[in-house]
Amino acid sequence: AAVFIEHEEKSADIHAGIRYLEERMFPLIPLPLQVFDTDRAITYSSEPVASLPFHGYEKKEPLCCFLYRNRHGDQHPCPCGNVLGSGQFFLDEISYDTQSEVKWYRVLILPLLDDEGNIVRAVTCLYDSTYRRQLHKQLESQIINQQRSSLVAQLSITVAHQLRNPLSVVLGFAEMMSKGLAPDQYAEAVSRILRNSLRCKDIVENLYRFYPDAVEGDEPAGVLDVSEEPAAEEPA
């Protein structure tokens with residue numbers, strides 16, 4: 001009888017402590033929060049739970065069980081079972097489709113222990129992380145755009161550097177030919193112009209390989225093909 005009375009007194013103390021948390025401490029937490037026993041019967045549910053956009057949730061099971069069943073089906077057990085069995089806390093992020101948007105929640109599940117280390121309750125708390133994820137995606141998009149712009153700038157500088165030398169040679173010999181060259185120098189001038197023009201052509205073709213999704217129908221023209229086309233007359 002003395003052992004039974006002592007057990008009853010400890011049980012009463014435990015329930016009094018839990019009742020104090022539910023009445024005085026948990027209401028101070030401005031997040032959806034629930035307390036449930038080892039049978040997963042809800043003993044406390046905070047006011048923010050009522051504002052959650054969970055269709056069909058009637059508080060017949062803890063929030064964590066509802067979210068994981070909705071996300072993974074009945075075949076996927078809720079992690080609160082491991083928390084109640086092992087006494088280790090659990091933290092995860094899970095999505096919920098409200099039909100108008102996809103919400104993301106951080107799920108925290110904590111065990112409540114008595115003085116002897118026995119698990120008597122578990123607490124599950126949700127944090128809406130949707131905005132944080134959206135902000136993270138926006139930052140990722142900005143970083144990718146900045147990296148892309150930096151890559152384009154570096155590529156432009158490299159191409160300009162590679163084209164500058166052969167184009168300078170072509171323009172130099174073309175200018176010399178326009179001013180008049182000795183007949184025995186024409187062959188060398190044409191050879192230099194052709195060789196450096198082919199070098200420019202190789203650089204452009206390498207760009208096509210770098211960017212294979214070029215506009216259809218745009219094909220690099222041969223230098224000889226271009227040279228055979230009639231030049232447009234310059235305005236007087």
# chains A, B, ... in the order shown; residues from 1 in each chain; ligands from 1
$ select_by_dssp --residues "segment 25-212 of chain A" --states "strand (DSSP E)" --output "PyMOL selection string"
chain A and resi 33-36+42-45+90-97+102-113+119-128
$ select_by_dssp --residues "segment 5-184 of chain A" --states "helix (DSSP H, G or I)" --output "VMD selection string"
chain A and resid 5 to 28 47 to 51 63 to 72 80 to 86 130 to 179 183 to 184
$ write_last_selection --atoms "C-alpha atoms" --output "JSON list (two decimals), in the first residue's frame"
[["chain", "number", "residue", "atom", "x", "y", "z"],
["A", 5, "ILE", "CA", 0.67, 5.61, -2.47],
["A", 6, "GLU", "CA", 4.22, 6.69, -3.34],
["A", 7, "HIS", "CA", 3.61, 5.85, -7.02],
["A", 8, "GLU", "CA", 0.37, 7.79, -6.96],
["A", 9, "GLU", "CA", 2.14, 10.79, -5.42],
["A", 10, "LYS", "CA", 4.88, 10.73, -8.10],
["A", 11, "SER", "CA", 2.26, 10.44, -10.82],
["A", 12, "ALA", "CA", 0.39, 13.39, -9.36],
["A", 13, "ASP", "CA", 3.61, 15.44, -9.26],
["A", 14, "ILE", "CA", 4.34, 14.59, -12.89],
["A", 15, "HIS", "CA", 0.86, 15.57, -14.00],
["A", 16, "ALA", "CA", 1.10, 18.78, -11.98],
["A", 17, "GLY", "CA", 4.39, 19.64, -13.66],
["A", 18, "ILE", "CA", 2.99, 18.96, -17.10],
["A", 19, "ARG", "CA", -0.13, 20.95, -16.31],
["A", 20, "TYR", "CA", 2.06, 23.87, -15.22],
["A", 21, "LEU", "CA", 3.92, 23.75, -18.57],
["A", 22, "GLU", "CA", 0.65, 23.60, -20.50],
["A", 23, "GLU", "CA", -0.97, 26.43, -18.57],
["A", 24, "ARG", "CA", 1.94, 28.78, -17.92],
["A", 25, "MET", "CA", 4.88, 28.08, -20.24],
["A", 26, "PHE", "CA", 3.64, 26.76, -23.57],
["A", 27, "PRO", "CA", 1.14, 29.62, -24.16],
["A", 28, "LEU", "CA", 4.14, 31.99, -24.21],
["A", 47, "GLU", "CA", -3.99, 28.69, -30.16],
["A", 48, "PRO", "CA", -1.82, 29.09, -33.33],
["A", 49, "VAL", "CA", -2.70, 25.51, -34.28],
["A", 50, "ALA", "CA", -6.20, 26.67, -35.24],
["A", 51, "SER", "CA", -4.80, 29.05, -37.87],
["A", 63, "LEU", "CA", 0.40, 17.63, -36.03],
["A", 64, "CYS", "CA", 3.54, 15.69, -36.86],
["A", 65, "CYS", "CA", 1.55, 12.51, -37.58],
["A", 66, "PHE", "CA", -0.88, 14.43, -39.80],
["A", 67, "LEU", "CA", 1.91, 16.06, -41.82],
["A", 68, "TYR", "CA", 3.91, 12.87, -42.37],
["A", 69, "ARG", "CA", 0.83, 10.84, -43.25],
["A", 70, "ASN", "CA", -0.26, 13.55, -45.69],
["A", 71, "ARG", "CA", 3.21, 13.73, -47.23],
["A", 72, "HIS", "CA", 4.25, 10.06, -47.29],
["A", 80, "CYS", "CA", 7.35, 10.80, -33.05],
["A", 81, "GLY", "CA", 7.31, 7.01, -32.53],
["A", 82, "ASN", "CA", 11.11, 7.00, -32.42],
["A", 83, "VAL", "CA", 11.11, 10.01, -30.09],
["A", 84, "LEU", "CA", 8.74, 8.26, -27.68],
["A", 85, "GLY", "CA", 10.82, 5.08, -27.89],
["A", 86, "SER", "CA", 14.36, 6.48, -27.75],
["A", 130, "THR", "CA", 8.18, 28.97, -46.42],
["A", 131, "TYR", "CA", 9.40, 32.57, -46.60],
["A", 132, "ARG", "CA", 12.93, 31.55, -45.60],
["A", 133, "ARG", "CA", 13.02, 28.98, -48.42],
["A", 134, "GLN", "CA", 11.66, 31.52, -50.92],
["A", 135, "LEU", "CA", 14.27, 34.04, -49.84],
["A", 136, "HIS", "CA", 16.97, 31.38, -50.12],
["A", 137, "LYS", "CA", 15.86, 30.58, -53.70],
["A", 138, "GLN", "CA", 15.87, 34.28, -54.60],
["A", 139, "LEU", "CA", 19.41, 34.66, -53.25],
["A", 140, "GLU", "CA", 20.49, 31.55, -55.16],
["A", 141, "SER", "CA", 18.95, 32.97, -58.34],
["A", 142, "GLN", "CA", 20.75, 36.28, -57.84],
["A", 143, "ILE", "CA", 24.07, 34.52, -57.25],
["A", 144, "ILE", "CA", 23.58, 32.40, -60.39],
["A", 145, "ASN", "CA", 22.73, 35.49, -62.43],
["A", 146, "GLN", "CA", 25.80, 37.30, -61.10],
["A", 147, "GLN", "CA", 28.00, 34.31, -61.88],
["A", 148, "ARG", "CA", 26.49, 34.10, -65.37],
["A", 149, "SER", "CA", 27.12, 37.81, -65.96],
["A", 150, "SER", "CA", 30.67, 37.43, -64.71],
["A", 151, "LEU", "CA", 31.20, 34.43, -67.00],
["A", 152, "VAL", "CA", 29.84, 36.36, -70.00],
["A", 153, "ALA", "CA", 32.13, 39.30, -69.19],
["A", 154, "GLN", "CA", 35.17, 37.03, -68.87],
["A", 155, "LEU", "CA", 34.26, 35.24, -72.09],
["A", 156, "SER", "CA", 33.83, 38.56, -73.92],
["A", 157, "ILE", "CA", 37.23, 39.79, -72.75],
["A", 158, "THR", "CA", 38.87, 36.51, -73.78],
["A", 159, "VAL", "CA", 37.24, 36.53, -77.22],
["A", 160, "ALA", "CA", 38.13, 40.18, -77.77],
["A", 161, "HIS", "CA", 41.74, 39.46, -76.85],
["A", 162, "GLN", "CA", 41.88, 36.43, -79.15],
["A", 163, "LEU", "CA", 40.34, 38.32, -82.10],
["A", 164, "ARG", "CA", 42.27, 41.55, -81.68],
["A", 165, "ASN", "CA", 45.65, 40.29, -82.93],
["A", 166, "PRO", "CA", 44.51, 38.52, -86.13],
["A", 167, "LEU", "CA", 42.09, 41.33, -86.95],
["A", 168, "SER", "CA", 44.90, 43.87, -86.53],
["A", 169, "VAL", "CA", 46.99, 41.91, -89.02],
["A", 170, "VAL", "CA", 44.09, 41.68, -91.48],
["A", 171, "LEU", "CA", 43.31, 45.39, -91.19],
["A", 172, "GLY", "CA", 46.98, 46.31, -91.45],
["A", 173, "PHE", "CA", 47.56, 44.42, -94.70],
["A", 174, "ALA", "CA", 44.21, 45.54, -96.10],
["A", 175, "GLU", "CA", 45.19, 49.15, -95.45],
["A", 176, "MET", "CA", 48.58, 48.60, -97.11],
["A", 177, "MET", "CA", 46.89, 47.06, -100.16],
["A", 178, "SER", "CA", 44.45, 49.95, -100.37],
["A", 179, "LYS", "CA", 47.37, 52.38, -100.53],
["A", 183, "PRO", "CA", 53.15, 43.36, -107.31],
["A", 184, "ASP", "CA", 55.62, 40.97, -105.69]]
$ atom_distance --atom1 "atom CA of Ser46 of chain A" --atom2 "atom CA of Glu116 of chain A"
27.6 Å
$ closest_residue --among "A:His55, A:Lys60, A:His76, A:Arg121" --to "Val35 of chain A" --atoms "only C-alpha atoms"
A:Arg121
$ residues_around --residues "Pro111 of chain A" --least-positions-apart "5" --cutoff "8 Å" --atoms "only C-alpha atoms" --output "list in words"
Val83, Leu84, Gly87, Gln88, Phe89, Ile119, Val120, Arg121, Ala122 and Val123 of chain A
$ write_last_selection --atoms "all heavy atoms" --output "compact mmCIF listing (two decimals), in the first residue's frame"
# COMPACT_ATOMS: atom_id res chain seq x y z
N VAL A 83 10.87 9.09 -31.22
CA VAL A 83 11.11 10.01 -30.09
C VAL A 83 10.56 9.40 -28.80
O VAL A 83 11.21 9.42 -27.75
CB VAL A 83 10.48 11.38 -30.38
CG1 VAL A 83 10.60 12.29 -29.15
CG2 VAL A 83 11.14 12.04 -31.58
N LEU A 84 9.35 8.86 -28.87
CA LEU A 84 8.74 8.26 -27.68
C LEU A 84 9.47 6.98 -27.26
O LEU A 84 9.47 6.62 -26.08
CB LEU A 84 7.27 7.93 -27.96
CG LEU A 84 6.33 9.14 -28.10
CD1 LEU A 84 4.96 8.70 -28.61
CD2 LEU A 84 6.20 9.88 -26.79
N GLY A 87 13.72 8.59 -26.73
CA GLY A 87 13.97 9.76 -25.89
C GLY A 87 14.84 10.80 -26.57
O GLY A 87 15.23 11.79 -25.94
N GLN A 88 15.15 10.64 -27.87
CA GLN A 88 15.96 11.58 -28.61
C GLN A 88 15.04 12.55 -29.38
O GLN A 88 14.02 12.13 -29.94
CB GLN A 88 16.88 10.86 -29.60
CG GLN A 88 17.82 9.87 -28.95
CD GLN A 88 18.86 10.56 -28.08
OE1 GLN A 88 19.34 11.65 -28.42
NE2 GLN A 88 19.22 9.95 -26.97
N PHE A 89 15.44 13.82 -29.42
CA PHE A 89 14.62 14.79 -30.14
C PHE A 89 14.75 14.58 -31.64
O PHE A 89 15.67 13.92 -32.14
CB PHE A 89 15.01 16.21 -29.76
CG PHE A 89 16.25 16.72 -30.44
CD1 PHE A 89 16.18 17.41 -31.63
CD2 PHE A 89 17.51 16.49 -29.88
CE1 PHE A 89 17.32 17.88 -32.27
CE2 PHE A 89 18.65 16.93 -30.51
CZ PHE A 89 18.57 17.64 -31.70
N ILE A 119 9.75 8.43 -20.31
CA ILE A 119 9.07 9.33 -21.24
C ILE A 119 7.57 9.32 -20.92
O ILE A 119 6.92 8.27 -20.97
CB ILE A 119 9.30 8.91 -22.70
CG1 ILE A 119 10.80 8.89 -23.02
CG2 ILE A 119 8.57 9.83 -23.66
CD1 ILE A 119 11.13 8.30 -24.38
N VAL A 120 7.05 10.47 -20.60
CA VAL A 120 5.64 10.56 -20.25
C VAL A 120 4.83 11.38 -21.26
O VAL A 120 3.61 11.23 -21.36
CB VAL A 120 5.47 11.19 -18.84
CG1 VAL A 120 6.02 10.25 -17.78
CG2 VAL A 120 6.17 12.54 -18.76
N ARG A 121 5.49 12.24 -21.98
CA ARG A 121 4.83 13.07 -22.98
C ARG A 121 5.83 13.37 -24.11
O ARG A 121 7.03 13.13 -23.99
CB ARG A 121 4.33 14.40 -22.40
CG ARG A 121 3.22 14.31 -21.37
CD ARG A 121 1.89 13.96 -22.01
NE ARG A 121 0.81 14.16 -21.05
CZ ARG A 121 0.46 13.28 -20.11
NH1 ARG A 121 1.14 12.13 -20.00
NH2 ARG A 121 -0.55 13.54 -19.29
N ALA A 122 5.30 13.93 -25.18
CA ALA A 122 6.14 14.45 -26.26
C ALA A 122 5.54 15.77 -26.72
O ALA A 122 4.32 15.98 -26.66
CB ALA A 122 6.21 13.47 -27.43
N VAL A 123 6.40 16.67 -27.16
CA VAL A 123 5.99 17.98 -27.64
C VAL A 123 6.36 18.09 -29.11
O VAL A 123 7.49 17.77 -29.49
CB VAL A 123 6.69 19.12 -26.85
CG1 VAL A 123 6.28 20.48 -27.40
CG2 VAL A 123 6.36 19.02 -25.37
$ residues_around --residues "Trp104 of chain A" --least-positions-apart "2" --cutoff "9 Å" --atoms "only C-alpha atoms" --output "PyMOL selection string"
chain A and resi 93-97+102+106+127-131+133
$ write_last_selection --atoms "C-alpha atoms" --output "PDB file, in the first residue's frame"
ATOM      1  CA  GLU A  93      11.544  20.063 -42.655  1.00  0.00           C
ATOM      2  CA  ILE A  94       8.456  18.922 -44.512  1.00  0.00           C
ATOM      3  CA  SER A  95       6.150  20.381 -47.160  1.00  0.00           C
ATOM      4  CA  TYR A  96       2.370  20.648 -47.246  1.00  0.00           C
ATOM      5  CA  ASP A  97       0.302  21.479 -50.326  1.00  0.00           C
ATOM      6  CA  VAL A 102       3.204  24.735 -51.077  1.00  0.00           C
ATOM      7  CA  ARG A 106      10.281  22.921 -39.621  1.00  0.00           C
ATOM      8  CA  TYR A 127       7.812  26.747 -37.633  1.00  0.00           C
ATOM      9  CA  ASP A 128       6.681  28.107 -41.011  1.00  0.00           C
ATOM     10  CA  SER A 129       9.877  28.187 -43.091  1.00  0.00           C
ATOM     11  CA  THR A 130       8.183  28.974 -46.423  1.00  0.00           C
ATOM     12  CA  TYR A 131       9.402  32.571 -46.596  1.00  0.00           C
ATOM     13  CA  ARG A 133      13.024  28.984 -48.421  1.00  0.00           C
TER      14      ARG A 133
END
$ atom_distance --atom1 "atom CA of Val107 of chain A" --atom2 "atom CA of Thr124 of chain A"
7.0 Å
$ atom_distance --atom1 "atom CA of Leu31 of chain A" --atom2 "atom CA of Pro53 of chain A"
13.8 Å
$ decode --residues "segment 169-195 of chain A" --atoms "N, CA and C atoms" --output "mmCIF file, in the first residue's frame"
data_model
loop_
_atom_site.group_PDB
_atom_site.id
_atom_site.type_symbol
_atom_site.label_atom_id
_atom_site.label_comp_id
_atom_site.auth_asym_id
_atom_site.auth_seq_id
_atom_site.Cartn_x
_atom_site.Cartn_y
_atom_site.Cartn_z
ATOM 1 N N VAL A 169 46.167 42.286 -87.867
ATOM 2 C CA VAL A 169 46.989 41.907 -89.022
ATOM 3 C C VAL A 169 46.196 42.064 -90.312
ATOM 4 N N VAL A 170 44.932 41.581 -90.285
ATOM 5 C CA VAL A 170 44.093 41.682 -91.482
ATOM 6 C C VAL A 170 43.889 43.139 -91.878
ATOM 7 N N LEU A 171 43.539 43.978 -90.894
ATOM 8 C CA LEU A 171 43.308 45.394 -91.191
ATOM 9 C C LEU A 171 44.582 46.075 -91.662
ATOM 10 N N GLY A 172 45.713 45.699 -91.054
ATOM 11 C CA GLY A 172 46.984 46.314 -91.451
ATOM 12 C C GLY A 172 47.331 46.027 -92.895
ATOM 13 N N PHE A 173 47.240 44.769 -93.307
ATOM 14 C CA PHE A 173 47.562 44.424 -94.695
ATOM 15 C C PHE A 173 46.511 44.964 -95.659
ATOM 16 N N ALA A 174 45.248 44.988 -95.230
ATOM 17 C CA ALA A 174 44.209 45.543 -96.097
ATOM 18 C C ALA A 174 44.459 47.034 -96.342
ATOM 19 N N GLU A 175 44.881 47.732 -95.293
ATOM 20 C CA GLU A 175 45.187 49.154 -95.452
ATOM 21 C C GLU A 175 46.388 49.352 -96.386
ATOM 22 N N MET A 176 47.410 48.493 -96.236
ATOM 23 C CA MET A 176 48.577 48.602 -97.111
ATOM 24 C C MET A 176 48.199 48.339 -98.572
ATOM 25 N N MET A 177 47.313 47.363 -98.793
ATOM 26 C CA MET A 177 46.887 47.062 -100.155
ATOM 27 C C MET A 177 46.057 48.191 -100.743
ATOM 28 N N SER A 178 45.265 48.845 -99.870
ATOM 29 C CA SER A 178 44.445 49.949 -100.374
ATOM 30 C C SER A 178 45.301 51.143 -100.804
ATOM 31 N N LYS A 179 46.485 51.268 -100.190
ATOM 32 C CA LYS A 179 47.370 52.380 -100.530
ATOM 33 C C LYS A 179 48.317 52.031 -101.685
ATOM 34 N N GLY A 180 48.325 50.754 -102.012
ATOM 35 C CA GLY A 180 49.160 50.332 -103.125
ATOM 36 C C GLY A 180 50.360 49.557 -102.662
ATOM 37 N N LEU A 181 50.539 48.343 -103.188
ATOM 38 C CA LEU A 181 51.686 47.497 -102.874
ATOM 39 C C LEU A 181 52.390 47.105 -104.166
ATOM 40 N N ALA A 182 53.648 46.801 -104.021
ATOM 41 C CA ALA A 182 54.393 46.292 -105.168
ATOM 42 C C ALA A 182 53.799 44.941 -105.571
ATOM 43 N N PRO A 183 53.752 44.625 -106.847
ATOM 44 C CA PRO A 183 53.152 43.365 -107.307
ATOM 45 C C PRO A 183 53.735 42.144 -106.625
ATOM 46 N N ASP A 184 55.026 42.139 -106.311
ATOM 47 C CA ASP A 184 55.618 40.965 -105.692
ATOM 48 C C ASP A 184 55.254 40.814 -104.217
ATOM 49 N N GLN A 185 54.578 41.827 -103.638
ATOM 50 C CA GLN A 185 54.181 41.765 -102.218
ATOM 51 C C GLN A 185 52.713 41.369 -102.038
ATOM 52 N N TYR A 186 51.949 41.329 -103.149
ATOM 53 C CA TYR A 186 50.532 41.018 -103.039
ATOM 54 C C TYR A 186 50.293 39.590 -102.524
ATOM 55 N N ALA A 187 51.060 38.637 -103.013
ATOM 56 C CA ALA A 187 50.862 37.244 -102.608
ATOM 57 C C ALA A 187 51.066 37.072 -101.103
ATOM 58 N N GLU A 188 52.128 37.691 -100.572
ATOM 59 C CA GLU A 188 52.386 37.595 -99.130
ATOM 60 C C GLU A 188 51.280 38.271 -98.330
ATOM 61 N N ALA A 189 50.795 39.423 -98.807
ATOM 62 C CA ALA A 189 49.736 40.142 -98.103
ATOM 63 C C ALA A 189 48.447 39.334 -98.075
ATOM 64 N N VAL A 190 48.090 38.753 -99.247
ATOM 65 C CA VAL A 190 46.867 37.946 -99.304
ATOM 66 C C VAL A 190 47.001 36.718 -98.413
ATOM 67 N N SER A 191 48.202 36.097 -98.401
ATOM 68 C CA SER A 191 48.433 34.924 -97.564
ATOM 69 C C SER A 191 48.268 35.268 -96.079
ATOM 70 N N ARG A 192 48.809 36.421 -95.659
ATOM 71 C CA ARG A 192 48.671 36.844 -94.263
ATOM 72 C C ARG A 192 47.202 37.107 -93.918
ATOM 73 N N ILE A 193 46.504 37.788 -94.823
ATOM 74 C CA ILE A 193 45.088 38.085 -94.575
ATOM 75 C C ILE A 193 44.278 36.801 -94.467
ATOM 76 N N LEU A 194 44.518 35.872 -95.377
ATOM 77 C CA LEU A 194 43.781 34.609 -95.360
ATOM 78 C C LEU A 194 44.082 33.811 -94.096
ATOM 79 N N ARG A 195 45.355 33.720 -93.717
ATOM 80 C CA ARG A 195 45.752 32.936 -92.548
ATOM 81 C C ARG A 195 45.130 33.493 -91.267
#
